[in-house]
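Novice: This is the structure I have questions about; it appears just below.
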Amino acid sequence: MYLGPFYFDTKEIFLILATILLGLASFFGWPLWWFDRRALLTLVILLLITKGLLPSIHNEAFFILAIVAIFLTLYLPIFQVVLFYFISFLVFRLLKVI
Amino acid sequence: MKIDLRIKTLLIILISYLTSILLIQNVFLANSPEIRPNLGVYLASKVKNTFNRLGGNLASLIKFPKNLSLNSITNRGSSTGSTTSSNNTVVEKLKNQPSNVLTKGVYAKTEGGNTLIEIDTSQIDFVEYTFNVNGKEIKVKMPKDQPTPPAQVLEKLY
């Protein structure tokens with residue numbers, strides 16, 4: 001789908017929708033079972049930035065990384081999850097997986 | 001080809017997870033982006049202690065008598081940290097035994113399957129950390145090779 005000069009695929013639109021929903025949940029104080037709203041919002045913003053910075057990205061590896069990182073927010077402090085995400089992302093790029 | 005890529009992806013994720021644990025425990029302070037101020041000294045002491053521990057383990061293996069049975073090893077393991085016998089004479093006997101150095105400031109004395117561990121805090125190198133817990137400034141002393149206590153633990157303690 002084209003929005004002005006930008007092209008968005010389905011996954012990107014869903015990711016943006018999720019971010020908007022999380023932003024609304026954070027703003028209106030909607031409860032989310034088990035998950036920390038702030039941690040999720042921070043992570044989704046990082047996902048958007050990293051996805052947006054890469055012209056061609058391997059969607060499957062990125063999807064697995066995103067799912068694992070979101071799941072880890074249930075158990076680990078947010079700083080460790082962010083650290084894990086950046087290390088994984090760096091190694092993915094170095095080994096040309098994404 | 002596709003399976004290879006998936007295995008590679010999972011391996012990278014696993015390695016990254018382990019690396020993040022290693023960094024959190026050794027490089028960063030209390031789950032924050034703040035880097036340990038004494039990082040070089042801390043890592044050097046950690047490496048040194050690991051080698052000392054490995055050396056101690058090897059030495060203890062070499063010193064084991066040949067007729068040592070599995071039962072006696074189990075007894076030694078279960079009695080570490082305190083004397084299991086209620087008889088005070090056992091403690092007295094242990095006190096007269098020569099000490100084996102486990103690590104700097106930690107000594108062990110063994111006699112007849114019982115073990116006495118002695119800790120001399122004046123010989124252990126401590127690192128002092130200052131934390132802000134619920135508006136209170138709290139100072140915590142930790143042995144040099146130990147990881148920093150997590151903020152959640154401190155909040156429960158103070």
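Please note that chains go A, B, ... in the order of the structure tokens, that every chain numbers its residues from 1, and that ligands are numbered from 1 in the order shown.
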Counting only C-alpha atoms, collect the residues of chain B whose closest atom lies at most 8 Å from chain A, and write them out as a compact mmCIF listing (two decimals) with N, CA and C atoms, in the first residue's frame.

Specialist:
# COMPACT_ATOMS: atom_id res chain seq x y z
N LEU B 5 18.68 -21.63 7.40
CA LEU B 5 18.50 -20.23 7.82
C LEU B 5 17.78 -20.15 9.16
N ARG B 6 16.80 -21.05 9.35
CA ARG B 6 16.05 -21.05 10.62
C ARG B 6 16.94 -21.50 11.77
N THR B 9 19.17 -18.68 12.58
CA THR B 9 18.42 -17.64 13.31
C THR B 9 18.29 -18.01 14.78
N ILE B 12 21.64 -17.78 16.60
CA ILE B 12 22.03 -16.38 16.85
C ILE B 12 21.23 -15.84 18.03
N ILE B 13 19.94 -16.15 18.08
CA ILE B 13 19.09 -15.67 19.18
C ILE B 13 19.59 -16.24 20.51
N SER B 16 22.89 -14.59 21.45
CA SER B 16 22.64 -13.20 21.88
C SER B 16 22.06 -13.17 23.29
N TYR B 17 21.15 -14.12 23.57
CA TYR B 17 20.54 -14.18 24.91
C TYR B 17 21.62 -14.44 25.96
N THR B 19 24.83 -13.85 25.68
CA THR B 19 25.71 -12.69 25.75
C THR B 19 25.08 -11.59 26.59
N SER B 20 23.75 -11.39 26.41
CA SER B 20 23.08 -10.33 27.20
C SER B 20 23.15 -10.66 28.69
N ILE B 21 23.01 -11.94 29.05
CA ILE B 21 23.11 -12.33 30.47
C ILE B 21 24.52 -12.03 30.99
N ILE B 24 24.94 -8.24 31.37
CA ILE B 24 24.14 -7.71 32.48
C ILE B 24 24.81 -8.04 33.82
N ASN B 31 20.85 -3.63 36.24
CA ASN B 31 19.89 -3.56 35.11
C ASN B 31 19.69 -2.15 34.55
N SER B 32 20.77 -1.38 34.55
CA SER B 32 20.70 -0.02 33.97
C SER B 32 21.83 0.10 32.95
N PRO B 33 21.74 1.11 32.06
CA PRO B 33 22.81 1.23 31.06
C PRO B 33 24.15 1.72 31.63

Novice: Could you list, as a count of residues only, every residue within 7 Å of B:Lys139, counting only C-alpha atoms and ignoring same-chain residues fewer than 4 positions away?

Specialist: 4

Novice: Expressed in Å to a single decimal, how great is the separation between atom CA of B:Gly105 and atom CA of B:Pro150?

Specialist: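 Straight-line distance from atom CA of B:Gly105 to atom CA of B:Pro150 works out to 25.1 Å.
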
Novice: Which residues are near stretch 44-49 of chain B? Cut-off 12 Å, only C-alpha atoms, ignore same chain within fewer than 6 positions. Put them as a PyMOL selection string.

Specialist: chain B and resi 25-27+38+55-56+102-104+124-127+143-147

Novice: Give the strand (DSSP E) residues of chain A, as DSSP finds them on the backbone, and put them as a list in words.

Specialist: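 Those residues are Tyr2, Leu3, Phe6 and Tyr7 of chain A.
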
Novice: What would the file look like if the residues just selected were written as a PDB file, in the first residue's frame with C-alpha atoms?

Specialist:
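Wrote it out as again29.pdb, contents follow:
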ATOM      1  CA  TYR A   2       1.319   3.445  -0.929  1.00  0.00           C
ATOM      2  CA  LEU A   3       0.951   6.333   1.495  1.00  0.00           C
ATOM      3  CA  PHE A   6       6.149   5.579   0.960  1.00  0.00           C
ATOM      4  CA  TYR A   7       5.298   1.947   0.374  1.00  0.00           C
TER       5      TYR A   7
END
